[in-house]
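K.L.:
Take a look at this one; I'll ask things after.
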Amino acid sequence: MLVSVGGEVSEGILASLADCRDRLLIVGTTTDPTTRSARQCDVIVQVAPSIDVASFVRDVAEALRVHRPIVAFPCRDADMPGLAKVKADDPVLGAPLLVGSVALANAMSDKVLMKGFMERCRLPIPATAWTFDGALELAGRYGFPLIAKPRVGSGTKGVYIVLDDEQLRSCALHGDFVIQPFISPPPDFVANLPDPRFGVPFVQSSGFTALIALRGLVGRDGRLDHVVKVDVVHRYGRPFRLTRCPVDAVDHEAAQRVAAELHCEGYVGPFALQGRVDDNGALVFFEMLARIGGSALGFVGLGLNQSRIVLEMFGGPAAVASKVTADSVEWQTIPRAFDDRVVS
């Protein structure tokens, strides 16, 4: 089952499972059955939007009760608290859902709570402020530019680059942002920003940004199933190119701690950490994800098919093992066609 089929994540999962598709019956839940991904499912169940929590929980629980999936992949951060409630209300019915506790789901949806969970995992993270006084202290300590992120949200939607005191005041007083230092911006970053008097050029949205991702999977016994480290290039705010990096002992230990803490919250499945190397050469993580990510299809080209690993973890071997095909891969985040050529 794909919960909230229709976006980048569900497209990636479907394409990742293309070579064993004939052995699967895929159920998709959605508020909009007309989406491309919905049409690629065998069964579509229309559910209430997750903002209507009670109705969403009722509809998803009924879909689980009727279809009894082997595993159910959440495809949106906004759904996680509701799905965690489904599992908490009926652990047997909710067992296929790749979610943990309600507290964990809330932490993955709220960057202040996420900061607390990442500290619990003893990860190096940037200083973070969510009050006006805290933001001023951060500006005094690190200077500009700073990053302002919506406290609740995902991806790059609503993220601002803060360049001066007035912009910082606007973000801080808005009340729904967290503020962090901009880790290692390019030397000419500010000079190359467009003049805001003329609006923001469309081409600015196609600029490339880079980060480092550490991706792993929590096994059913709570142990780290695997870990991979990549350089990620984003374009239009979405992953575009992945290049493998060596995983050192520090990376592996960090991933193990995260896996253990996630399992303590009842979570089994994929997770990811996102970070950048700071001016001191240390990898600092600024965000994490406790579900399969939007770059799932890209990782298939590097030999890591998390969709298939999870499917086999819950339902037994369903296809041949994925093979490493490259050290670096570029891919279409929204496949043009759903066939074997997508993952070839």
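Labels for the structure tokens follow display order: chains A, B, ..., residues from 1 in each chain, ligands from 1.
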Could you name the residues that touch stretch 47-62 of chain A at 7 Å or less, counting only C-alpha atoms, but leaving out those on the same chain fewer than 4 positions away, as a list in words?
P.N.:
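Residues near the query, excluding close chain neighbours: Thr29, Thr30, Thr31, Val66, Ala78, Asp79, Gly82, Leu83 and Val86 of chain A.
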K.L.:
Find the spatial neighbours of stretch 137-149 of chain A, counting only C-alpha atoms, within a cut-off of 10 Å - ignore same-chain residues fewer than 4 positions away - and output them as JSON, numbers by chain.
P.N.:
{"A": [111, 127, 128, 129, 130, 131, 132, 133, 153, 154, 155, 156, 157, 158, 159, 160, 161, 162, 163, 164, 165, 167, 168, 171, 172, 176, 177, 178, 179, 180, 181, 182, 183, 185, 189, 190]}
K.L.:
Can you tell me which residues surround A:Arg68 at a distance of at most 9 Å, considering only C-alpha atoms, apart from same-chain residues fewer than 4 positions away, and format the answer as a VMD selection string?
P.N.:
chain A and resid 1 63 to 64 93 96
K.L.:
Between A:Ala72, A:Gly216, A:Gly6, A:Ala290, which is the closest to A:Gln40 once you count only C-alpha atoms?
P.N.:
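That would be A:Gly6, the residue with the smallest distance to A:Gln40.
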K.L.:
Run DSSP on the backbone of this structure and report the residues of stretch 64-248 of chain A it assigns to alpha helix (DSSP H), as a ChimeraX atom specification.
P.N.:
/A:64-67,80-89,102-109,111-120,132-142,165-174
K.L.:
Enter the distance from atom CA of A:Gly293 to atom CA of A:Val9, in Å, rounded to one decimal.
P.N.:
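That distance, rounded to one decimal, is 6.2 Å.
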